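Asks: Here it is: the structure, laid out below.
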2 protein chains.
Amino acid sequence: MTPADRAVLACCLEVAGTPKPGNVDRERDHPDMRFEHMLAGAQGAAPGLRLAAGGGAIGPAFERAVAGMYRAAGRNTHVGALLLLVPLVRADELAGPVLEGLVEETTVADARAFYRAFDGVPVAVDDPPTGAADLDVRRGVDALEAVDDRGITLSEVLALAAPRDDVAREWTVGFERSLAAASMLAETQGPIELRVAETYLQLLAERPDSLVVTRHGEAVAAEVVERAAALVDDGGVSEARTEVAAFADELVDRGVNPGTTADITAAGTYVALERGWLP
Amino acid sequence: MTPADRAVLACCLEVAGTPKPGNVDRERDHPDMRFEHMLAGAQGAAPGLRLAAGGGAIGPAFERAVAGMYRAAGRNTHVGALLLLVPLVRADELAGPVLEGLVEETTVADARAFYRAFDGVPVAVDDPPTGAADLDVRRGVDALEAVDDRGITLSEVLALAAPRDDVAREWTVGFERSLAAASMLAETQGPIELRVAETYLQLLAERPDSLVVTRHGEAVAAEVVERAAALVDDGGVSEARTEVAAFADELVDRGVNPGTTADITAAGTYVALERGWLP
């Protein structure tokens with residue numbers, strides 16, 4: 001397998017991981033997003049991931065990956081995960097400082113490709129910070145003029161989003177949670193689908209999920225953290241599987257989807273595969 | 001997606017298809033082969049599939065695909081499926097006569113690569129026909145001398161196996177069941193995982209599964225056909241899902257694994273993806 005192959009596999013193993021409260025997993029679908037859409041979206045991203053792995057610029061590789069994902073799955077299955085995986089497969093080394101240096105080298109052209117990627121692809125993000133409404137990613141190509149006028153690079157765009165979006169935040173902190181997720185995975189035991197679910201639960205207990213904050217507000221996000229932390233204290237998936245599964249069913253029923261935590265889990269799974277930490 | 005990407009996706013969608021009596025599916029694992037092994041094996045085959053799609057010779061591409069599968073999954077997850085998918089991704093057109101012509105062009109060098117592929121990879125096949133014990137695929141590289149002495153091509157090797165192995169048989173009949181499976185898939189409705197399971201059940205009702213014959217004998221294989229046919233008569237997965245699921249649980253409990261039927265389902269899924277018959 002090549003790095004791009006491992007990135008696709010990481011997305012497949014992430015979605016197979018179960019129980020993953022609130023997300024699509026081997027045992028749960030969302031009303032508008034089924035397990036098989038996740039498999040198709042991951043595979044559809046493969047050509048874009050290969051572009052990045054071959055040394056292509058990050059923005060255009062991301063644009064290509066998102067376009068392939070959307071064509072294959074007909075929906076946004078992996079935009080957040082790809083925003084992490086594209087730099088990860090592009091990097092010469094999976095180390096914080098190397099990744100920070102890599103994303104700092106992104107350009108205005110990368111930012112333009114990033115906005116083009118969102119054209120016609122629905123994405124759930126919070127409102128942009130005051131004074132940056134013209135850079136709202138939901139504007140797609142309509143934001144290109146603002147990108148040019150400001151001469152803003154992709155890493156600068158994501159730095160603006162970082163306070164409200166933990167995927168963007170990864171770009172500003174050397175992918176620290178993605179790398180930490182890989183270490184968590186390495187410390188788990190048993191079948192991969194349980195190890196992935198265990199890691200996801202630990203990440204969920206760590207910080208409020210950005211997507212949950214955006215869609216349901218900070219109170220719901222804080223409740224999810226608290227309940228995930230209690231389940232971790234109860235021994236996590238390996239020792240309290242029934243309780244974790246019940247929480248998973250409940251969140252799916254409530255439509256509460258901690259998608260950002262799933263994105264970081266996918267990124268961590270990639271890093272663990274790349275380091276040989278998963279069989 | 002490229003043809004090789006679609007072949008990997010076909011394997012992922014095949015294993016996600018549920019309920020698929022006797023095989024690993026989204027809801028069932030085997031004691032020694034879990035769902036996640038199937039995902040890893042499919043992705044591991046990607047470099048070999050790309051070799052074939054790029055015009056590489058069929059034998060070496062198969063050898064590479066099997067080696068990558070085995071390295072990724074640690075077990076034989078897709079050898080049969082790859083023996084169908086490698087020629088399918090290599091073909092200029094997915095039509096019986098084109099596929100027959102393609103496999104007829106295989107050489108002694110392809111046969112040598114085929115035997116090398118099996119070196120160290122456990123495979124369940126029937127005994128070879130009388131007078132061909134030296135070509136038993138389970139001999140791996142020990143069979144190479146016989147291949148050279150006989151000057152036998154890969155399509156000739158598979159023609160010898162065809163009467164007892166329905167994957168090998170596909171090579172001798174223009175991949176007729178793989179192409180028919182794609183048409184069956186096109187006629188089904190609903191989520192892909194149900195469409196795949198429906199197609200698998202129809203194939204299972206059609207002919208005794210070669211792997212079941214090899215491992216459990218003709219009587220068990222005939223029983224499986226009869227019971228699958230009764231379930232098809234009852235309306236198949238869409239109308240008798242509970243009964244099909246019970247049959248699936250029973251076959252997994254008994255260790256009866258119609259793996260050849262799963263291989264042909266994966267090949268049919270690839271053809272359906274390639275023709276745009278699946279969303």
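Going by the structure tokens order, chains are called A, B, ..., each with residues numbered from 1, while ligands are numbered from 1 in the order shown.
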If we count only C-alpha atoms and set the cut-off at 12 Å, which residues sit around A:Gly74, ignoring sequence neighbours fewer than 5 positions away in its own chain? Please answer as a PDB file with all heavy atoms, in the first residue's frame.

Replies:
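This is the output file selection-v3.pdb:
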```pdb
ATOM      1  N   ASP A  32     -29.662  10.331   6.285  1.00  0.00           N
ATOM      2  CA  ASP A  32     -29.233  10.803   4.965  1.00  0.00           C
ATOM      3  C   ASP A  32     -27.797  10.406   4.630  1.00  0.00           C
ATOM      4  O   ASP A  32     -27.220  10.876   3.649  1.00  0.00           O
ATOM      5  CB  ASP A  32     -29.367  12.328   4.899  1.00  0.00           C
ATOM      6  CG  ASP A  32     -28.585  12.985   6.032  1.00  0.00           C
ATOM      7  OD1 ASP A  32     -28.137  12.256   6.957  1.00  0.00           O
ATOM      8  OD2 ASP A  32     -28.395  14.210   6.002  1.00  0.00           O
ATOM      9  N   MET A  33     -27.198   9.578   5.452  1.00  0.00           N
ATOM     10  CA  MET A  33     -25.810   9.165   5.189  1.00  0.00           C
ATOM     11  C   MET A  33     -25.623   7.752   5.720  1.00  0.00           C
ATOM     12  O   MET A  33     -25.600   7.530   6.924  1.00  0.00           O
ATOM     13  CB  MET A  33     -24.837  10.133   5.870  1.00  0.00           C
ATOM     14  CG  MET A  33     -23.390   9.768   5.655  1.00  0.00           C
ATOM     15  SD  MET A  33     -22.395  11.047   4.883  1.00  0.00           S
ATOM     16  CE  MET A  33     -22.862  12.562   5.673  1.00  0.00           C
ATOM     17  N   ARG A  34     -25.503   6.819   4.789  1.00  0.00           N
ATOM     18  CA  ARG A  34     -25.359   5.424   5.173  1.00  0.00           C
ATOM     19  C   ARG A  34     -23.887   5.016   5.159  1.00  0.00           C
ATOM     20  O   ARG A  34     -23.039   5.665   4.556  1.00  0.00           O
ATOM     21  CB  ARG A  34     -26.165   4.530   4.219  1.00  0.00           C
ATOM     22  CG  ARG A  34     -27.688   4.737   4.312  1.00  0.00           C
ATOM     23  CD  ARG A  34     -28.411   3.792   3.369  1.00  0.00           C
ATOM     24  NE  ARG A  34     -27.964   2.427   3.569  1.00  0.00           N
ATOM     25  CZ  ARG A  34     -28.481   1.591   4.478  1.00  0.00           C
ATOM     26  NH1 ARG A  34     -29.491   1.976   5.236  1.00  0.00           N
ATOM     27  NH2 ARG A  34     -27.996   0.372   4.611  1.00  0.00           N
ATOM     28  N   GLU A  36     -22.415   2.752   3.496  1.00  0.00           N
ATOM     29  CA  GLU A  36     -21.875   2.550   2.151  1.00  0.00           C
ATOM     30  C   GLU A  36     -21.509   3.882   1.483  1.00  0.00           C
ATOM     31  O   GLU A  36     -20.608   3.921   0.641  1.00  0.00           O
ATOM     32  CB  GLU A  36     -22.887   1.785   1.306  1.00  0.00           C
ATOM     33  CG  GLU A  36     -24.242   2.470   1.237  1.00  0.00           C
ATOM     34  CD  GLU A  36     -25.401   1.479   1.250  1.00  0.00           C
ATOM     35  OE1 GLU A  36     -25.304   0.461   1.960  1.00  0.00           O
ATOM     36  OE2 GLU A  36     -26.386   1.728   0.544  1.00  0.00           O
ATOM     37  N   HIS A  37     -22.205   4.976   1.843  1.00  0.00           N
ATOM     38  CA  HIS A  37     -21.802   6.281   1.314  1.00  0.00           C
ATOM     39  C   HIS A  37     -20.412   6.670   1.820  1.00  0.00           C
ATOM     40  O   HIS A  37     -19.635   7.286   1.097  1.00  0.00           O
ATOM     41  CB  HIS A  37     -22.807   7.357   1.742  1.00  0.00           C
ATOM     42  CG  HIS A  37     -24.187   7.138   1.208  1.00  0.00           C
ATOM     43  ND1 HIS A  37     -25.311   7.269   1.984  1.00  0.00           N
ATOM     44  CD2 HIS A  37     -24.625   6.756  -0.019  1.00  0.00           C
ATOM     45  CE1 HIS A  37     -26.381   7.011   1.250  1.00  0.00           C
ATOM     46  NE2 HIS A  37     -25.996   6.687   0.042  1.00  0.00           N
ATOM     47  N   MET A  38     -20.149   6.297   3.070  1.00  0.00           N
ATOM     48  CA  MET A  38     -18.831   6.600   3.645  1.00  0.00           C
ATOM     49  C   MET A  38     -17.738   5.813   2.914  1.00  0.00           C
ATOM     50  O   MET A  38     -16.657   6.341   2.636  1.00  0.00           O
ATOM     51  CB  MET A  38     -18.805   6.257   5.131  1.00  0.00           C
ATOM     52  CG  MET A  38     -19.851   6.963   5.979  1.00  0.00           C
ATOM     53  SD  MET A  38     -19.643   8.754   6.126  1.00  0.00           S
ATOM     54  CE  MET A  38     -18.133   8.829   7.093  1.00  0.00           C
ATOM     55  N   LEU A  39     -17.997   4.533   2.627  1.00  0.00           N
ATOM     56  CA  LEU A  39     -17.011   3.731   1.888  1.00  0.00           C
ATOM     57  C   LEU A  39     -16.770   4.335   0.503  1.00  0.00           C
ATOM     58  O   LEU A  39     -15.627   4.451   0.042  1.00  0.00           O
ATOM     59  CB  LEU A  39     -17.500   2.284   1.736  1.00  0.00           C
ATOM     60  CG  LEU A  39     -17.694   1.468   3.020  1.00  0.00           C
ATOM     61  CD1 LEU A  39     -18.278   0.095   2.686  1.00  0.00           C
ATOM     62  CD2 LEU A  39     -16.379   1.305   3.780  1.00  0.00           C
ATOM     63  N   ALA A  40     -17.859   4.727  -0.164  1.00  0.00           N
ATOM     64  CA  ALA A  40     -17.730   5.280  -1.515  1.00  0.00           C
ATOM     65  C   ALA A  40     -17.004   6.626  -1.480  1.00  0.00           C
ATOM     66  O   ALA A  40     -16.134   6.892  -2.321  1.00  0.00           O
ATOM     67  CB  ALA A  40     -19.112   5.429  -2.159  1.00  0.00           C
ATOM     68  N   GLY A  41     -17.337   7.475  -0.518  1.00  0.00           N
ATOM     69  CA  GLY A  41     -16.691   8.783  -0.420  1.00  0.00           C
ATOM     70  C   GLY A  41     -15.198   8.662  -0.169  1.00  0.00           C
ATOM     71  O   GLY A  41     -14.384   9.392  -0.751  1.00  0.00           O
ATOM     72  N   ALA A  42     -14.824   7.734   0.692  1.00  0.00           N
ATOM     73  CA  ALA A  42     -13.402   7.524   0.985  1.00  0.00           C
ATOM     74  C   ALA A  42     -12.656   7.104  -0.280  1.00  0.00           C
ATOM     75  O   ALA A  42     -11.587   7.637  -0.603  1.00  0.00           O
ATOM     76  CB  ALA A  42     -13.247   6.453   2.070  1.00  0.00           C
ATOM     77  N   GLY A  44     -13.600   7.504  -3.368  1.00  0.00           N
ATOM     78  CA  GLY A  44     -13.665   8.575  -4.361  1.00  0.00           C
ATOM     79  C   GLY A  44     -12.574   9.622  -4.167  1.00  0.00           C
ATOM     80  O   GLY A  44     -12.136  10.270  -5.122  1.00  0.00           O
ATOM     81  N   VAL A  66     -11.946  16.258  -2.679  1.00  0.00           N
ATOM     82  CA  VAL A  66     -13.338  16.560  -2.328  1.00  0.00           C
ATOM     83  C   VAL A  66     -14.257  16.313  -3.528  1.00  0.00           C
ATOM     84  O   VAL A  66     -15.350  15.749  -3.394  1.00  0.00           O
ATOM     85  CB  VAL A  66     -13.473  18.011  -1.808  1.00  0.00           C
ATOM     86  CG1 VAL A  66     -14.940  18.415  -1.673  1.00  0.00           C
ATOM     87  CG2 VAL A  66     -12.760  18.155  -0.460  1.00  0.00           C
ATOM     88  N   ALA A  67     -13.797  16.728  -4.723  1.00  0.00           N
ATOM     89  CA  ALA A  67     -14.631  16.520  -5.911  1.00  0.00           C
ATOM     90  C   ALA A  67     -14.878  15.027  -6.142  1.00  0.00           C
ATOM     91  O   ALA A  67     -16.001  14.604  -6.439  1.00  0.00           O
ATOM     92  CB  ALA A  67     -13.959  17.144  -7.141  1.00  0.00           C
ATOM     93  N   GLY A  68     -13.831  14.216  -5.981  1.00  0.00           N
ATOM     94  CA  GLY A  68     -13.980  12.768  -6.189  1.00  0.00           C
ATOM     95  C   GLY A  68     -14.879  12.144  -5.128  1.00  0.00           C
ATOM     96  O   GLY A  68     -15.699  11.265  -5.421  1.00  0.00           O
ATOM     97  N   MET A  69     -14.718  12.610  -3.891  1.00  0.00           N
ATOM     98  CA  MET A  69     -15.577  12.145  -2.798  1.00  0.00           C
ATOM     99  C   MET A  69     -17.033  12.445  -3.101  1.00  0.00           C
ATOM    100  O   MET A  69     -17.905  11.585  -2.968  1.00  0.00           O
ATOM    101  CB  MET A  69     -15.162  12.860  -1.506  1.00  0.00           C
ATOM    102  CG  MET A  69     -16.101  12.672  -0.341  1.00  0.00           C
ATOM    103  SD  MET A  69     -16.096  14.130   0.773  1.00  0.00           S
ATOM    104  CE  MET A  69     -17.243  15.234  -0.095  1.00  0.00           C
ATOM    105  N   GLY A 120     -20.663  24.014  -4.324  1.00  0.00           N
ATOM    106  CA  GLY A 120     -21.651  22.969  -4.584  1.00  0.00           C
ATOM    107  C   GLY A 120     -21.600  21.823  -3.601  1.00  0.00           C
ATOM    108  O   GLY A 120     -22.382  20.886  -3.701  1.00  0.00           O
ATOM    109  N   VAL A 121     -20.667  21.865  -2.649  1.00  0.00           N
ATOM    110  CA  VAL A 121     -20.587  20.812  -1.628  1.00  0.00           C
ATOM    111  C   VAL A 121     -21.085  21.395  -0.305  1.00  0.00           C
ATOM    112  O   VAL A 121     -20.473  22.315   0.231  1.00  0.00           O
ATOM    113  CB  VAL A 121     -19.144  20.297  -1.459  1.00  0.00           C
ATOM    114  CG1 VAL A 121     -19.060  19.285  -0.326  1.00  0.00           C
ATOM    115  CG2 VAL A 121     -18.645  19.682  -2.761  1.00  0.00           C
ATOM    116  N   PRO A 122     -22.200  20.881   0.214  1.00  0.00           N
ATOM    117  CA  PRO A 122     -22.731  21.437   1.464  1.00  0.00           C
ATOM    118  C   PRO A 122     -21.787  21.147   2.629  1.00  0.00           C
ATOM    119  O   PRO A 122     -21.247  20.047   2.742  1.00  0.00           O
ATOM    120  CB  PRO A 122     -24.056  20.684   1.654  1.00  0.00           C
ATOM    121  CG  PRO A 122     -23.934  19.437   0.840  1.00  0.00           C
ATOM    122  CD  PRO A 122     -22.975  19.727  -0.274  1.00  0.00           C
TER     123      PRO A 122
ATOM    124  N   LEU B 278     -24.500   1.597 -10.372  1.00  0.00           N
ATOM    125  CA  LEU B 278     -24.684   1.838  -8.939  1.00  0.00           C
ATOM    126  C   LEU B 278     -24.443   3.325  -8.715  1.00  0.00           C
ATOM    127  O   LEU B 278     -23.577   3.912  -9.367  1.00  0.00           O
ATOM    128  CB  LEU B 278     -23.701   1.013  -8.099  1.00  0.00           C
ATOM    129  CG  LEU B 278     -23.968  -0.488  -8.022  1.00  0.00           C
ATOM    130  CD1 LEU B 278     -22.875  -1.186  -7.233  1.00  0.00           C
ATOM    131  CD2 LEU B 278     -25.320  -0.775  -7.384  1.00  0.00           C
ATOM    132  N   PRO B 279     -25.175   3.929  -7.801  1.00  0.00           N
ATOM    133  CA  PRO B 279     -25.035   5.380  -7.588  1.00  0.00           C
ATOM    134  C   PRO B 279     -23.665   5.710  -6.992  1.00  0.00           C
ATOM    135  O   PRO B 279     -23.031   4.856  -6.417  1.00  0.00           O
ATOM    136  CB  PRO B 279     -26.147   5.714  -6.620  1.00  0.00           C
ATOM    137  CG  PRO B 279     -26.470   4.439  -5.924  1.00  0.00           C
ATOM    138  CD  PRO B 279     -26.155   3.329  -6.890  1.00  0.00           C
TER     139      PRO B 279
END
```

Asks: With the cut-off set at 8 Å and counting only C-alpha atoms, tabulate each residue of chain A with an atom at most that distance from an atom of chain B, showing the nearest atom pair and its distance in Å to one decimal, ordered by chain and increasing number, as CSV.

Replies:
```
residue,atom,partner,partner_atom,distance
A:Met1,CA,B:Gly44,CA,5.4
A:Thr2,CA,B:Pro47,CA,7.7
A:Asp5,CA,B:Gln43,CA,6.4
A:Arg6,CA,B:Gln43,CA,7.7
A:Val8,CA,B:Gln43,CA,7.9
A:Leu9,CA,B:Gln43,CA,6.3
A:Cys12,CA,B:Leu39,CA,7.0
A:Leu13,CA,B:Glu36,CA,6.7
A:Ala16,CA,B:Glu36,CA,7.3
A:Arg26,CA,B:Arg26,CA,6.4
A:Glu27,CA,B:Glu27,CA,7.4
A:Glu36,CA,B:Leu13,CA,6.7
A:Leu39,CA,B:Cys12,CA,7.0
A:Ala40,CA,B:Leu9,CA,6.6
A:Gln43,CA,B:Leu9,CA,6.3
A:Gly44,CA,B:Met1,CA,5.4
A:Ala45,CA,B:Met1,CA,7.7
A:Ala46,CA,B:Met1,CA,6.9
A:Pro47,CA,B:Met1,CA,6.4
A:Gly68,CA,B:Met1,CA,6.7
A:Ala72,CA,B:Pro279,CA,7.5
A:Ala73,CA,B:Pro279,CA,7.7
A:Ile192,CA,B:Glu36,CA,6.9
A:Glu193,CA,B:Glu36,CA,7.0
A:Pro279,CA,B:Ala72,CA,7.6
```

Asks: Compile the contact shell of A:Glu104 as a PyMOL selection string: residues with an atom at most 9 Å away, counting only C-alpha atoms, same-chain residues fewer than 2 positions apart removed.

Replies: chain A and resi 99-102+106-107+153-156+171-172

Asks: Find the residues near A:Ala205: any atom within 8 Å, counting only C-alpha atoms, skip ones fewer than 3 places away on the same chain, and give them as a ChimeraX atom specification.

Replies: /A:201-202,208,224-229,232

Asks: Please run DSSP on the backbone and report, as a VMD selection string, all residues within stretch 154-203 of chain A that come out as alpha helix (DSSP H).

Replies: chain A and resid 154 to 161 166 to 172 176 to 187 192 to 203

Asks: Please measure the separation of atom CA of A:Leu84 and atom CA of A:Arg139, giving the value in Å to one decimal.

Replies: 21.3 Å

Asks: For B:Ser238, work out the shell of residues within 12 Å, counting only C-alpha atoms and skipping chain neighbours fewer than 2 positions away, then give it as a VMD selection string.

Replies: chain B and resid 18 to 19 188 to 199 201 231 to 236 240 to 245

Asks: Store the residues picked out above in a file with C-alpha atoms, as an mmCIF file, in the first residue's frame.

Replies:
```
data_model
loop_
_atom_site.group_PDB
_atom_site.id
_atom_site.type_symbol
_atom_site.label_atom_id
_atom_site.label_comp_id
_atom_site.auth_asym_id
_atom_site.auth_seq_id
_atom_site.Cartn_x
_atom_site.Cartn_y
_atom_site.Cartn_z
ATOM 1 C CA THR B 18 -25.785 -7.844 4.414
ATOM 2 C CA PRO B 19 -27.217 -10.390 5.129
ATOM 3 C CA THR B 188 -32.340 -4.337 -7.531
ATOM 4 C CA GLN B 189 -33.450 -1.328 -5.520
ATOM 5 C CA GLY B 190 -32.742 0.306 -2.185
ATOM 6 C CA PRO B 191 -29.511 0.795 -0.258
ATOM 7 C CA ILE B 192 -26.438 -0.741 -1.892
ATOM 8 C CA GLU B 193 -25.816 -3.104 1.013
ATOM 9 C CA LEU B 194 -29.230 -4.700 0.391
ATOM 10 C CA ARG B 195 -28.764 -4.742 -3.384
ATOM 11 C CA VAL B 196 -25.444 -6.541 -2.976
ATOM 12 C CA ALA B 197 -27.002 -9.064 -0.586
ATOM 13 C CA GLU B 198 -29.935 -9.655 -2.939
ATOM 14 C CA THR B 199 -27.570 -10.330 -5.841
ATOM 15 C CA LEU B 201 -28.530 -14.637 -2.705
ATOM 16 C CA LEU B 231 -35.497 -17.662 0.123
ATOM 17 C CA VAL B 232 -35.399 -16.113 -3.340
ATOM 18 C CA ASP B 233 -38.884 -17.544 -3.919
ATOM 19 C CA ASP B 234 -40.000 -15.972 -0.642
ATOM 20 C CA GLY B 235 -39.038 -12.565 -2.034
ATOM 21 C CA GLY B 236 -35.336 -12.482 -1.208
ATOM 22 C CA ALA B 240 -37.758 -12.017 3.736
ATOM 23 C CA ARG B 241 -34.868 -10.291 5.435
ATOM 24 C CA THR B 242 -35.422 -11.959 8.813
ATOM 25 C CA GLU B 243 -35.308 -15.433 7.260
ATOM 26 C CA VAL B 244 -32.241 -14.611 5.153
ATOM 27 C CA ALA B 245 -30.510 -13.215 8.246
#
```

Asks: Can you pull out the residues contacting A:Gly140? Cut-off 8 Å, using only C-alpha atoms, and skip same-chain residues under 5 positions away; I want them as JSON, numbers by chain.

Replies: {"A": [115, 116, 117, 118, 119, 120]}

Asks: Quick check, in Å to one decimal: how far apart do atom CA of A:Pro97 and atom CA of A:Pro60 lie?

Replies: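 Result for atom CA of A:Pro97 versus atom CA of A:Pro60: 22.8 Å, one decimal.
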
Asks: Between atom CA of A:Lys20 and atom CA of A:Glu250, what is the distance in Å, rounded to a tenth?

Replies: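 Atom CA of A:Glu250 lies at a distance of 11.3 Å from atom CA of A:Lys20.
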
Asks: Measuring between only C-alpha atoms, which one of A:Asp249, A:Glu218, A:Leu203, A:Tyr70 shows the shortest distance to A:Thr265?

Replies: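 Ranked by minimum distance to A:Thr265, first place goes to A:Leu203.
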
Asks: Identify, on the basis of only C-alpha atoms, every residue whose closest approach to B:Leu49 does not exceed 7 Å; exclude the query and any residue fewer than 6 positions from it along the same chain; express the result as a compact mmCIF listing (two decimals) with all heavy atoms, in the first residue's frame.

Replies:
```txt
# COMPACT_ATOMS: atom_id res chain seq x y z
N ALA B 4 -9.07 0.85 -10.94
CA ALA B 4 -8.51 0.15 -9.77
C ALA B 4 -9.21 0.61 -8.49
O ALA B 4 -9.49 -0.19 -7.60
CB ALA B 4 -7.00 0.39 -9.68
N ALA B 61 0.38 -8.84 -12.24
CA ALA B 61 -0.52 -7.93 -11.53
C ALA B 61 -1.27 -8.69 -10.44
O ALA B 61 -1.45 -8.19 -9.32
CB ALA B 61 -1.50 -7.28 -12.51
N ALA B 65 -1.10 -8.04 -6.48
CA ALA B 65 -2.34 -7.77 -5.74
C ALA B 65 -2.48 -8.72 -4.55
O ALA B 65 -2.82 -8.30 -3.44
CB ALA B 65 -3.56 -7.90 -6.67
N VAL B 86 -8.67 -8.70 -11.54
CA VAL B 86 -7.46 -8.30 -12.28
C VAL B 86 -7.73 -8.30 -13.80
O VAL B 86 -7.48 -7.29 -14.47
CB VAL B 86 -6.24 -9.15 -11.87
CG1 VAL B 86 -5.10 -9.01 -12.88
CG2 VAL B 86 -5.77 -8.74 -10.48
```

Asks: Check the smallest atom-to-atom distance from each of A:Val137, A:Val15, A:Ala161, A:Leu51 to A:Thr261 using only C-alpha atoms, then report the winner.

Replies: A:Val15

Asks: So, with only C-alpha atoms as the atoms that count, which of A:Ala168, A:Val125, A:Val89, A:Leu211 lies closest to A:Thr260?

Replies: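 Result for the nearest residue to A:Thr260: A:Leu211.
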
Asks: B:Ala109, B:Asp142, B:Leu160, B:Gly217: which is nearest B:Thr130, counting only C-alpha atoms?

Replies: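 Looking at the shortest contact to B:Thr130, the residue is B:Leu160.
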
Asks: Would you mind writing down, as a list in words, each residue of stretch 3-246 of chain A that DSSP on the backbone assigns to strand (DSSP E or B)?

Replies: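 Checking each residue of stretch 3-246 of chain A, the strand (DSSP E or B) ones are Asp25, Arg28, His30 and Met33 of chain A.
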
Asks: Check the smallest atom-to-atom distance from each of B:Leu85, B:Ala230, B:Ala180, B:Ala132 to B:Ala266 using only C-alpha atoms, then report the winner.

Replies: B:Leu85

Asks: Measuring between only C-alpha atoms, which one of A:Thr269, A:Asn257, A:Ser178, A:Ser183 shows the shortest distance to A:Asp29?

Replies: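 Looking at the shortest contact to A:Asp29, the residue is A:Asn257.
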